[in-house]
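Visitor: Structure file my_file-v7.cif (mmCIF, C-alpha atoms and all ligand atoms) is given on the next line.
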```
data_coords
#
loop_
_atom_site.label_atom_id
_atom_site.label_comp_id
_atom_site.auth_asym_id
_atom_site.auth_seq_id
_atom_site.Cartn_x
_atom_site.Cartn_y
_atom_site.Cartn_z
CA MET A 261 72.49 82.32 115.61
CA ALA A 262 75.10 84.53 113.94
CA LYS A 263 78.65 84.01 115.03
CA ALA A 264 79.94 86.88 117.12
CA THR A 265 82.36 89.10 115.23
CA GLU A 266 85.87 88.76 116.52
CA VAL A 267 87.18 92.07 117.83
CA PRO A 268 90.94 92.17 117.39
CA ASN A 269 92.78 93.32 120.46
CA ARG A 270 94.66 96.21 118.89
CA GLU A 271 95.72 99.56 120.24
CA PRO A 272 96.12 101.94 117.27
CA VAL A 273 99.06 104.31 116.94
CA TYR A 274 98.11 107.87 117.88
CA ARG A 275 99.72 111.21 117.11
CA ASN A 276 98.65 114.18 119.25
CA GLY A 277 95.53 112.24 120.17
CA ARG A 278 94.62 111.52 116.52
CA GLU A 279 94.86 108.09 114.98
CA ILE A 280 97.47 107.64 112.25
CA GLU A 281 95.68 107.50 108.89
CA CYS A 282 98.62 107.37 106.45
CA TRP A 283 101.89 105.49 106.52
CA LEU A 284 105.19 106.09 104.76
CA THR A 285 107.80 103.38 105.06
CA ASP A 286 111.37 102.92 103.96
CA MET A 287 112.04 99.73 102.00
CA ASP A 288 115.57 98.38 102.65
CA GLY A 289 116.15 97.42 106.26
CA VAL A 290 112.44 97.79 107.06
CA LEU A 291 110.43 95.59 104.66
CA VAL A 292 113.30 93.74 102.98
CA HIS A 293 116.83 92.86 103.94
CA GLU A 294 119.15 91.72 101.11
CA ASN A 295 116.14 90.72 98.98
CA GLN A 296 114.56 88.70 101.82
CA ALA A 297 111.26 89.87 103.28
CA VAL A 298 111.55 90.92 106.92
CA PRO A 299 109.24 88.67 109.01
CA GLY A 300 105.96 90.50 109.59
CA ALA A 301 106.34 92.83 106.57
CA ALA A 302 103.88 90.93 104.34
CA GLU A 303 101.27 90.92 107.15
CA LEU A 304 101.73 94.66 107.81
CA LEU A 305 101.23 95.48 104.10
CA GLN A 306 98.13 93.26 104.03
CA ARG A 307 96.84 94.93 107.20
CA TRP A 308 97.15 98.37 105.56
CA VAL A 309 95.22 97.09 102.54
CA ASP A 310 92.53 95.43 104.72
CA THR A 311 92.02 98.57 106.83
CA SER A 312 92.08 100.90 103.79
CA LYS A 313 95.07 102.83 105.10
CA ARG A 314 96.82 105.05 102.58
CA PHE A 315 100.51 104.13 102.39
CA LEU A 316 103.66 104.51 100.26
CA VAL A 317 106.88 102.50 100.22
CA LEU A 318 109.78 104.95 99.79
CA THR A 319 113.23 104.39 98.35
CA ASN A 320 116.17 106.68 97.56
CA ASN A 321 117.17 104.27 94.79
CA SER A 322 116.43 105.96 91.45
CA ILE A 323 117.45 103.08 89.16
CA PHE A 324 114.13 101.29 88.99
CA THR A 325 110.60 102.26 87.98
CA PRO A 326 107.80 101.51 90.48
CA ARG A 327 106.76 98.58 88.25
CA ASP A 328 110.28 97.10 88.39
CA LEU A 329 110.35 97.54 92.17
CA ALA A 330 106.91 95.97 92.63
CA ALA A 331 108.18 92.92 90.70
CA ARG A 332 111.35 92.74 92.81
CA LEU A 333 109.32 92.99 96.02
CA ARG A 334 106.94 90.30 94.76
CA SER A 335 109.90 87.95 94.23
CA SER A 336 110.82 88.59 97.89
CA GLY A 337 107.27 87.61 98.90
CA LEU A 338 105.84 91.13 99.34
CA GLU A 339 102.78 92.40 97.45
CA VAL A 340 103.08 96.16 96.92
CA PRO A 341 101.05 97.71 94.07
CA GLU A 342 103.23 99.96 91.91
CA GLU A 343 100.98 102.93 92.81
CA ASN A 344 102.17 102.47 96.40
CA ILE A 345 105.86 102.95 95.57
CA TRP A 346 107.56 106.35 95.69
CA THR A 347 111.17 106.65 94.50
CA SER A 348 113.63 109.55 94.63
CA ALA A 349 113.32 109.62 90.82
CA LEU A 350 109.54 110.25 91.06
CA ALA A 351 110.10 112.87 93.77
CA THR A 352 112.75 114.57 91.60
CA ALA A 353 110.46 114.58 88.54
CA GLN A 354 107.63 116.05 90.64
CA PHE A 355 109.94 118.71 92.10
CA LEU A 356 111.21 119.72 88.64
CA LYS A 357 107.67 119.78 87.22
CA ASP A 358 106.66 122.12 90.06
CA GLN A 359 109.69 124.30 89.27
CA VAL A 360 108.70 124.51 85.61
CA GLU A 361 105.09 125.34 86.46
CA SER A 362 105.82 127.85 89.22
CA SER A 363 108.85 129.64 87.79
CA GLY A 364 108.31 129.37 84.06
CA SER A 365 111.59 127.48 83.70
CA GLY A 366 112.11 125.36 80.58
CA ASN A 367 111.41 121.63 80.56
CA ARG A 368 114.61 120.31 78.98
CA ALA A 369 116.81 117.97 80.96
CA TYR A 370 120.05 116.10 80.41
CA THR A 371 120.08 112.97 82.56
CA ILE A 372 122.61 110.48 83.81
CA GLY A 373 120.56 107.57 85.10
CA GLU A 374 118.44 104.57 84.26
CA ALA A 375 114.81 103.81 83.44
CA GLY A 376 113.58 104.82 86.90
CA LEU A 377 114.71 108.40 86.25
CA THR A 378 114.15 108.75 82.51
CA THR A 379 110.63 107.28 82.72
CA ALA A 380 109.71 109.57 85.62
CA LEU A 381 110.95 112.67 83.78
CA HIS A 382 109.23 111.67 80.53
CA GLU A 383 105.94 111.15 82.37
CA ALA A 384 106.36 114.56 84.04
CA GLY A 385 106.56 116.17 80.59
CA PHE A 386 110.31 116.67 80.22
CA ILE A 387 112.29 116.58 77.00
CA LEU A 388 115.53 114.63 77.49
CA THR A 389 118.31 116.25 75.52
CA ASP A 390 121.94 117.35 75.63
CA GLN A 391 121.11 120.49 73.63
CA ASN A 392 120.71 123.55 75.89
CA PRO A 393 119.02 121.73 78.80
CA ASP A 394 117.59 123.71 81.72
CA PHE A 395 118.62 120.97 84.15
CA VAL A 396 121.30 118.32 84.50
CA VAL A 397 119.71 115.52 86.53
CA LEU A 398 121.99 112.93 88.07
CA GLY A 399 120.57 109.61 89.26
CA GLU A 400 121.78 106.17 90.14
CA THR A 401 123.26 103.92 87.46
CA ARG A 402 125.67 101.00 87.29
CA THR A 403 127.20 102.15 84.01
CA TYR A 404 128.66 105.62 84.57
CA SER A 405 130.31 106.83 81.39
CA PHE A 406 133.22 109.26 81.27
CA GLU A 407 131.63 110.83 78.19
CA ALA A 408 128.27 111.39 79.91
CA ILE A 409 129.94 112.87 83.00
CA THR A 410 131.99 115.18 80.75
CA THR A 411 128.81 116.31 78.99
CA ALA A 412 127.11 116.94 82.35
CA ILE A 413 130.05 119.02 83.58
CA ARG A 414 130.12 121.17 80.45
CA LEU A 415 126.34 121.72 80.51
CA ILE A 416 126.44 122.76 84.18
CA LEU A 417 129.30 125.18 83.46
CA ALA A 418 127.17 126.56 80.61
CA GLY A 419 124.36 127.32 83.08
CA ALA A 420 122.17 124.20 83.43
CA ARG A 421 120.87 123.70 86.98
CA PHE A 422 122.44 120.71 88.75
CA ILE A 423 119.99 118.31 90.44
CA ALA A 424 120.66 114.90 92.04
CA THR A 425 118.06 112.30 92.95
CA ASN A 426 119.72 111.16 96.19
CA PRO A 427 122.80 111.87 98.31
CA ASP A 428 123.91 108.27 99.04
CA ALA A 429 127.68 107.91 98.51
CA THR A 430 127.52 104.13 98.27
CA GLY A 431 124.93 101.44 97.70
CA PRO A 432 124.90 97.85 98.90
CA SER A 433 125.72 94.76 96.86
CA LYS A 434 126.49 91.19 97.84
CA ASP A 435 130.17 91.73 96.96
CA GLY A 436 130.53 94.99 98.95
CA PRO A 437 129.76 98.70 98.54
CA LEU A 438 129.20 100.27 95.11
CA PRO A 439 129.77 103.96 94.30
CA ALA A 440 126.38 105.68 94.20
CA THR A 441 124.83 109.01 93.15
CA GLY A 442 126.46 111.06 95.93
CA ALA A 443 129.94 109.93 94.91
CA ILE A 444 129.43 110.87 91.25
CA ALA A 445 127.83 114.16 92.32
CA ALA A 446 131.02 114.90 94.29
CA LEU A 447 133.10 114.29 91.17
CA ILE A 448 130.93 116.71 89.15
CA THR A 449 131.01 119.27 91.99
CA LYS A 450 134.81 119.10 92.08
CA ALA A 451 134.98 119.75 88.32
CA THR A 452 132.37 122.54 88.24
CA ASP A 453 132.49 124.09 91.73
CA ARG A 454 128.65 123.72 91.77
CA GLU A 455 126.73 121.81 94.42
CA PRO A 456 123.62 119.87 93.31
CA TYR A 457 120.17 120.29 94.82
CA VAL A 458 119.48 116.82 96.23
CA VAL A 459 115.86 115.66 96.44
CA GLY A 460 115.95 112.22 98.16
CA LYS A 461 116.13 111.50 101.89
CA PRO A 462 117.14 113.18 104.20
CA ASN A 463 115.55 116.10 102.31
CA PRO A 464 112.00 116.28 103.76
CA MET A 465 110.95 117.18 100.18
CA MET A 466 110.89 113.43 99.53
CA PHE A 467 108.22 112.97 102.24
CA ARG A 468 106.24 116.08 101.35
CA SER A 469 105.89 114.99 97.73
CA ALA A 470 104.95 111.47 98.89
CA MET A 471 102.27 112.90 101.20
CA ASN A 472 100.88 115.05 98.38
CA ARG A 473 100.66 111.93 96.25
CA ILE A 474 98.35 110.15 98.74
CA ASP A 475 96.67 113.30 100.07
CA ALA A 476 98.17 112.78 103.52
CA HIS A 477 98.53 115.35 106.30
CA SER A 478 101.54 115.48 108.60
CA GLU A 479 99.46 115.37 111.84
CA THR A 480 98.04 111.97 110.92
CA THR A 481 100.99 110.45 109.03
CA ALA A 482 103.77 108.20 110.31
CA MET A 483 107.19 107.35 108.85
CA ILE A 484 108.87 103.99 109.47
CA GLY A 485 112.62 103.72 108.87
CA ASP A 486 115.82 101.97 109.90
CA ARG A 487 118.16 104.98 109.85
CA MET A 488 118.33 107.78 112.39
CA ASP A 489 120.33 110.09 110.05
CA THR A 490 117.88 109.91 107.15
CA ASP A 491 114.46 108.36 107.86
CA VAL A 492 113.98 109.60 111.41
CA VAL A 493 115.48 113.07 111.03
CA ALA A 494 113.64 113.78 107.77
CA GLY A 495 110.39 112.36 109.17
CA MET A 496 110.76 114.58 112.21
CA GLU A 497 111.49 117.66 110.07
CA ALA A 498 108.45 116.90 107.91
CA GLY A 499 106.35 116.88 111.10
CA LEU A 500 105.55 113.15 111.09
CA HIS A 501 105.18 110.49 113.78
CA THR A 502 108.49 108.60 113.49
CA VAL A 503 109.00 104.87 114.04
CA LEU A 504 112.52 103.42 114.11
CA VAL A 505 112.84 99.67 113.50
CA LEU A 506 115.99 97.76 114.44
CA THR A 507 116.07 95.37 111.45
CA GLY A 508 118.43 97.56 109.38
CA ILE A 509 121.32 99.97 109.90
CA THR A 510 120.68 101.40 113.37
CA GLN A 511 121.39 99.35 116.51
CA ARG A 512 119.52 100.13 119.73
CA GLU A 513 122.68 101.33 121.53
CA GLU A 514 123.40 103.86 118.74
CA ILE A 515 120.17 105.81 119.27
CA ALA A 516 121.60 107.66 122.28
CA SER A 517 124.38 109.21 120.16
CA PHE A 518 121.84 111.29 118.17
CA PRO A 519 120.50 114.63 119.46
CA PHE A 520 116.91 113.65 118.53
CA ARG A 521 114.68 110.64 119.16
CA PRO A 522 112.03 108.82 117.17
CA ASN A 523 108.52 108.67 118.65
CA GLN A 524 108.67 104.86 118.74
CA VAL A 525 111.45 102.27 118.65
CA LEU A 526 110.41 98.73 117.64
CA ASN A 527 112.39 95.56 117.09
CA SER A 528 110.74 95.14 113.69
CA VAL A 529 107.60 95.80 111.66
CA ALA A 530 106.23 92.57 113.16
CA ASP A 531 105.64 94.58 116.37
CA LEU A 532 103.77 97.25 114.41
CA LYS A 533 101.33 94.99 112.64
CA ASN A 534 99.65 94.27 115.99
CA GLN A 535 99.04 98.00 116.52
CA ILE A 536 97.23 98.76 113.28
MG MG B 601 116.64 101.74 104.92
#
```
Please rewrite the model in this file as structure tokens.

Guide:
Amino acid sequence: MAKATEVPNREPVYRNGREIECWLTDMDGVLVHENQAVPGAAELLQRWVDTSKRFLVLTNNSIFTPRDLAARLRSSGLEVPEENIWTSALATAQFLKDQVESSGSGNRAYTIGEAGLTTALHEAGFILTDQNPDFVVLGETRTYSFEAITTAIRLILAGARFIATNPDATGPSKDGPLPATGAIAALITKATDREPYVVGKPNPMMFRSAMNRIDAHSETTAMIGDRMDTDVVAGMEAGLHTVLVLTGITQREEIASFPFRPNQVLNSVADLKNQI
């Protein structure tokens, strides 16, 4: 006699009566914490794979390529295929490609950034140059050069459009905060009197481009994050089901100080894996 199939006792997550089909999740503070996997994260990722859910892991960090990030996650014990990673650099390259195609703008860009950004722009068909670029694109790097910043300032003053991958003023390190893209953007803004257009979270553009990538629709897509002021607000503005986890920045008692609420608050992704 055949063994009876085990029916898992799971109550799926619903949005307006429809089951969530696609998942977007933040990385730091949700899946990993200081390079350590959050307990339950590996099982949640495996669950998405087993149930053929479409998902993307999102990060505002524009330093790394998806392949680099997949390797870093693997060393933390998390298996995420590079196709399932969406960075602010990829979102920026997609946005600029759309601008070129829809407005007939040129495809020349001067960049300050690392492989995550330059690879994304190359793959989107951009020519990277300091000669008459259409765009100056600022991303994250650990080696800001006075010369490169000077070039960026002069090109912006000469008419190049100023774009930044993400607004974060600082990034984490084991020794303390590091100046990040938003801080260097402020320096360039001070020198040029021009504000950048910023693509990463909390701009909902980051989520819209991610959803286009996996053919997701807002009514059946959820966003998991650890920050009220970026993940939850941008998820809400993009029309998604929002899930706040308490393994990162936001503490439970801080939620009340915001004028909006996530749809769900969970201690960690370990609570979510039982719902999918
Ligand atoms: Mg986070």

Visitor: Need the shell around stretch 420-431 of chain A: protein/DNA/RNA residues with any atom at most 7 Å away, counting only C-alpha atoms. Skip same-chain ones fewer than 6 positions apart. Format as a ChimeraX atom specification?

Guide: /A:320,322,348-349,352,393-399,437-443,456-461

Visitor: Put those residues in a file: C-alpha atoms, as a CSV table (one decimal), in the frame of the given file.

Guide:
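File result.csv, as written:
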```
chain,number,residue,atom,x,y,z
A,320,ASN,CA,116.2,106.7,97.6
A,322,SER,CA,116.4,106.0,91.4
A,348,SER,CA,113.6,109.6,94.6
A,349,ALA,CA,113.3,109.6,90.8
A,352,THR,CA,112.8,114.6,91.6
A,393,PRO,CA,119.0,121.7,78.8
A,394,ASP,CA,117.6,123.7,81.7
A,395,PHE,CA,118.6,121.0,84.2
A,396,VAL,CA,121.3,118.3,84.5
A,397,VAL,CA,119.7,115.5,86.5
A,398,LEU,CA,122.0,112.9,88.1
A,399,GLY,CA,120.6,109.6,89.3
A,437,PRO,CA,129.8,98.7,98.5
A,438,LEU,CA,129.2,100.3,95.1
A,439,PRO,CA,129.8,104.0,94.3
A,440,ALA,CA,126.4,105.7,94.2
A,441,THR,CA,124.8,109.0,93.2
A,442,GLY,CA,126.5,111.1,95.9
A,443,ALA,CA,129.9,109.9,94.9
A,456,PRO,CA,123.6,119.9,93.3
A,457,TYR,CA,120.2,120.3,94.8
A,458,VAL,CA,119.5,116.8,96.2
A,459,VAL,CA,115.9,115.7,96.4
A,460,GLY,CA,116.0,112.2,98.2
A,461,LYS,CA,116.1,111.5,101.9
```

Visitor: I'd like to know which of A:Thr311, A:Thr285, A:Asn523, A:Thr371 is closest to ligand MG 601 (chain B), using all atoms listed in the file.

Guide: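 Smallest separation from ligand MG 601 (chain B) among the options: A:Thr285.
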
Visitor: Report as a compact mmCIF listing (two decimals) with C-alpha atoms, keeping the file's coordinate frame which protein, DNA and RNA residues come within 10 Å of ligand MG 601 (chain B), using only C-alpha atoms and all ligand atoms.

Guide:
```
# COMPACT_ATOMS: atom_id res chain seq x y z
CA THR A 285 107.80 103.38 105.06
CA ASP A 286 111.37 102.92 103.96
CA MET A 287 112.04 99.73 102.00
CA ASP A 288 115.57 98.38 102.65
CA GLY A 289 116.15 97.42 106.26
CA VAL A 290 112.44 97.79 107.06
CA LEU A 291 110.43 95.59 104.66
CA VAL A 292 113.30 93.74 102.98
CA HIS A 293 116.83 92.86 103.94
CA LEU A 318 109.78 104.95 99.79
CA THR A 319 113.23 104.39 98.35
CA ASN A 320 116.17 106.68 97.56
CA ILE A 484 108.87 103.99 109.47
CA GLY A 485 112.62 103.72 108.87
CA ASP A 486 115.82 101.97 109.90
CA ARG A 487 118.16 104.98 109.85
CA MET A 488 118.33 107.78 112.39
CA THR A 490 117.88 109.91 107.15
CA ASP A 491 114.46 108.36 107.86
CA VAL A 505 112.84 99.67 113.50
CA THR A 507 116.07 95.37 111.45
CA GLY A 508 118.43 97.56 109.38
CA ILE A 509 121.32 99.97 109.90
CA THR A 510 120.68 101.40 113.37
```

Visitor: I need the residue nearest A:Met471 from this list: A:Arg314, A:Arg332, A:Arg402, A:Arg275. Use all atoms listed in the file for the distance.

Guide: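 Checking each of A:Arg314, A:Arg332, A:Arg402, A:Arg275 against A:Met471, counting all atoms listed in the file, the winner is A:Arg314.
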
Visitor: For A:Asp531, which of A:Leu338, A:Leu447, A:Ala301, A:Ile416 is the closest residue, counting only C-alpha atoms?

Guide: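 Under the stated criterion, the closest residue is A:Ala301.
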
Visitor: Separation of atom CA of A:Val529 and atom CA of A:Val503, in Å?

Guide: 9.5 Å

Visitor: Write out as a PyMOL selection string which residues come within 8 Å of A:Ile448 when counting only C-alpha atoms, dropping same-chain ones fewer than 4 positions away.

Guide: chain A and resi 409+412-413+444+452-454

Visitor: Around (113.1, 114.7, 104.3), as given in the file, which residues come within 7 Å? Count only C-alpha atoms and list them as a PDB file with C-alpha atoms, in the frame of the given file.

Guide:
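Output file point_33.pdb is given in full below:
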```pdb
ATOM      1  CA  LYS A 461     116.130 111.500 101.890  1.00  0.00           C
ATOM      2  CA  PRO A 462     117.140 113.180 104.200  1.00  0.00           C
ATOM      3  CA  ASN A 463     115.550 116.100 102.310  1.00  0.00           C
ATOM      4  CA  PRO A 464     112.000 116.280 103.760  1.00  0.00           C
ATOM      5  CA  MET A 465     110.950 117.180 100.180  1.00  0.00           C
ATOM      6  CA  MET A 466     110.890 113.430  99.530  1.00  0.00           C
ATOM      7  CA  PHE A 467     108.220 112.970 102.240  1.00  0.00           C
ATOM      8  CA  ALA A 494     113.640 113.780 107.770  1.00  0.00           C
ATOM      9  CA  GLY A 495     110.390 112.360 109.170  1.00  0.00           C
ATOM     10  CA  GLU A 497     111.490 117.660 110.070  1.00  0.00           C
ATOM     11  CA  ALA A 498     108.450 116.900 107.910  1.00  0.00           C
TER      12      ALA A 498
END
```

Visitor: Please report the interatomic distance between atom CA of A:Ile372 and atom CA of A:Glu343 in Å with one decimal.

Guide: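 Going from atom CA of A:Ile372 over to atom CA of A:Glu343, I get 24.6 Å.
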
Visitor: In Å, with one decimal, what is the gap from atom CA of A:Trp346 to atom CA of A:Phe406?

Guide: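 About the pair atom CA of A:Trp346 and atom CA of A:Phe406: they are 29.6 Å apart.
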
Visitor: Under the rule that all atoms listed in the file are counted, which of A:Ala375, A:Leu316, A:Leu388, A:Ala331 is the nearest residue to A:Asn295?

Guide: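 So, comparing all the options, the nearest one is A:Ala331.
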
Visitor: For a quick check of your reading of the model, name the residues lying within 10 Å of the coordinate (103.1, 94.2, 97.0), counting only C-alpha atoms, and write them as a VMD selection string.

Guide: chain A and resid 302 305 to 306 317 329 to 345

Visitor: Counting all atoms listed in the file, which residue out of A:Val492, A:Glu407, A:Asn392, A:Gln524 sits closest to A:Gly419?

Guide: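 Of A:Val492, A:Glu407, A:Asn392, A:Gln524, the one nearest A:Gly419, counting all atoms listed in the file, is A:Asn392.
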
Visitor: Skip A:Gln354 itself and residues of its chain fewer than 5 positions away, then list as a compact mmCIF listing (two decimals) with C-alpha atoms, in the coordinates of the input all residues within 10 Å of it, counting only C-alpha atoms.

Guide:
```
# COMPACT_ATOMS: atom_id res chain seq x y z
CA SER A 348 113.63 109.55 94.63
CA ALA A 349 113.32 109.62 90.82
CA GLN A 359 109.69 124.30 89.27
CA VAL A 360 108.70 124.51 85.61
CA ALA A 380 109.71 109.57 85.62
CA LEU A 381 110.95 112.67 83.78
CA GLU A 383 105.94 111.15 82.37
CA ALA A 384 106.36 114.56 84.04
CA MET A 466 110.89 113.43 99.53
CA SER A 469 105.89 114.99 97.73
CA ALA A 470 104.95 111.47 98.89
CA ARG A 473 100.66 111.93 96.25
```

Visitor: Which residues, written as a PyMOL selection string, have at least one atom at most 12 Å from A:Gly385, with all atoms listed in the file counted and residues fewer than 6 positions away on the same chain left out?

Guide: chain A and resi 353-354+356-358+360-361+366-369+378-379

Visitor: Find, counting all atoms listed in the file, the residue in A:Ile536, A:Cys282, A:Val273, A:Ala451 that gets nearest to A:Ala476.

Guide: A:Cys282

Visitor: Can you sort out stretch 348-376 of chain A so it carries N, CA and C atoms, written as an mmCIF file, in the coordinates of the input?

Guide:
```cif
data_model
loop_
_atom_site.group_PDB
_atom_site.id
_atom_site.type_symbol
_atom_site.label_atom_id
_atom_site.label_comp_id
_atom_site.auth_asym_id
_atom_site.auth_seq_id
_atom_site.Cartn_x
_atom_site.Cartn_y
_atom_site.Cartn_z
ATOM 1 N N SER A 348 113.018 108.215 94.718
ATOM 2 C CA SER A 348 113.630 109.550 94.630
ATOM 3 C C SER A 348 113.551 110.081 93.194
ATOM 4 N N ALA A 349 113.471 109.173 92.214
ATOM 5 C CA ALA A 349 113.320 109.620 90.820
ATOM 6 C C ALA A 349 111.946 110.268 90.612
ATOM 7 N N LEU A 350 110.886 109.663 91.175
ATOM 8 C CA LEU A 350 109.540 110.250 91.060
ATOM 9 C C LEU A 350 109.487 111.580 91.808
ATOM 10 N N ALA A 351 110.101 111.625 92.993
ATOM 11 C CA ALA A 351 110.100 112.870 93.770
ATOM 12 C C ALA A 351 110.849 113.966 93.029
ATOM 13 N N THR A 352 111.960 113.596 92.365
ATOM 14 C CA THR A 352 112.750 114.570 91.600
ATOM 15 C C THR A 352 111.936 115.088 90.403
ATOM 16 N N ALA A 353 111.274 114.171 89.686
ATOM 17 C CA ALA A 353 110.460 114.580 88.540
ATOM 18 C C ALA A 353 109.332 115.508 88.982
ATOM 19 N N GLN A 354 108.705 115.202 90.125
ATOM 20 C CA GLN A 354 107.630 116.050 90.640
ATOM 21 C C GLN A 354 108.159 117.424 91.023
ATOM 22 N N PHE A 355 109.316 117.435 91.702
ATOM 23 C CA PHE A 355 109.940 118.710 92.100
ATOM 24 C C PHE A 355 110.244 119.570 90.870
ATOM 25 N N LEU A 356 110.840 118.957 89.842
ATOM 26 C CA LEU A 356 111.210 119.720 88.640
ATOM 27 C C LEU A 356 109.968 120.210 87.887
ATOM 28 N N LYS A 357 108.927 119.370 87.868
ATOM 29 C CA LYS A 357 107.670 119.780 87.220
ATOM 30 C C LYS A 357 107.091 121.002 87.939
ATOM 31 N N ASP A 358 107.133 120.968 89.277
ATOM 32 C CA ASP A 358 106.660 122.120 90.060
ATOM 33 C C ASP A 358 107.484 123.364 89.747
ATOM 34 N N GLN A 359 108.810 123.172 89.595
ATOM 35 C CA GLN A 359 109.690 124.300 89.270
ATOM 36 C C GLN A 359 109.315 124.909 87.913
ATOM 37 N N VAL A 360 109.063 124.036 86.953
ATOM 38 C CA VAL A 360 108.700 124.510 85.610
ATOM 39 C C VAL A 360 107.387 125.283 85.679
ATOM 40 N N GLU A 361 106.408 124.718 86.417
ATOM 41 C CA GLU A 361 105.090 125.340 86.460
ATOM 42 C C GLU A 361 105.080 126.633 87.272
ATOM 43 N N SER A 362 105.896 126.682 88.339
ATOM 44 C CA SER A 362 105.820 127.850 89.220
ATOM 45 C C SER A 362 106.790 128.956 88.816
ATOM 46 N N SER A 363 107.860 128.603 88.090
ATOM 47 C CA SER A 363 108.850 129.640 87.790
ATOM 48 C C SER A 363 108.980 129.907 86.300
ATOM 49 N N GLY A 364 108.229 129.152 85.495
ATOM 50 C CA GLY A 364 108.310 129.370 84.060
ATOM 51 C C GLY A 364 109.616 128.873 83.452
ATOM 52 N N SER A 365 110.337 128.045 84.212
ATOM 53 C CA SER A 365 111.590 127.480 83.700
ATOM 54 C C SER A 365 111.282 126.527 82.543
ATOM 55 N N GLY A 366 112.277 126.296 81.689
ATOM 56 C CA GLY A 366 112.110 125.360 80.580
ATOM 57 C C GLY A 366 112.046 123.922 81.072
ATOM 58 N N ASN A 367 111.619 123.034 80.163
ATOM 59 C CA ASN A 367 111.410 121.630 80.560
ATOM 60 C C ASN A 367 112.371 120.688 79.840
ATOM 61 N N ARG A 368 113.615 121.147 79.651
ATOM 62 C CA ARG A 368 114.610 120.310 78.980
ATOM 63 C C ARG A 368 115.619 119.832 80.004
ATOM 64 N N ALA A 369 115.900 118.533 79.968
ATOM 65 C CA ALA A 369 116.810 117.970 80.960
ATOM 66 C C ALA A 369 117.793 117.007 80.324
ATOM 67 N N TYR A 370 119.040 117.109 80.768
ATOM 68 C CA TYR A 370 120.050 116.100 80.410
ATOM 69 C C TYR A 370 120.175 115.184 81.619
ATOM 70 N N THR A 371 120.059 113.878 81.413
ATOM 71 C CA THR A 371 120.080 112.970 82.560
ATOM 72 C C THR A 371 121.247 111.995 82.476
ATOM 73 N N ILE A 372 121.761 111.659 83.662
ATOM 74 C CA ILE A 372 122.610 110.480 83.810
ATOM 75 C C ILE A 372 121.817 109.581 84.746
ATOM 76 N N GLY A 373 121.371 108.429 84.254
ATOM 77 C CA GLY A 373 120.560 107.570 85.100
ATOM 78 C C GLY A 373 119.953 106.452 84.289
ATOM 79 N N GLU A 374 119.049 105.719 84.921
ATOM 80 C CA GLU A 374 118.440 104.570 84.260
ATOM 81 C C GLU A 374 116.932 104.769 84.119
ATOM 82 N N ALA A 375 116.230 103.702 83.791
ATOM 83 C CA ALA A 375 114.810 103.810 83.440
ATOM 84 C C ALA A 375 113.980 104.460 84.544
ATOM 85 N N GLY A 376 114.345 104.225 85.800
ATOM 86 C CA GLY A 376 113.580 104.820 86.900
ATOM 87 C C GLY A 376 113.512 106.332 86.761
#
```
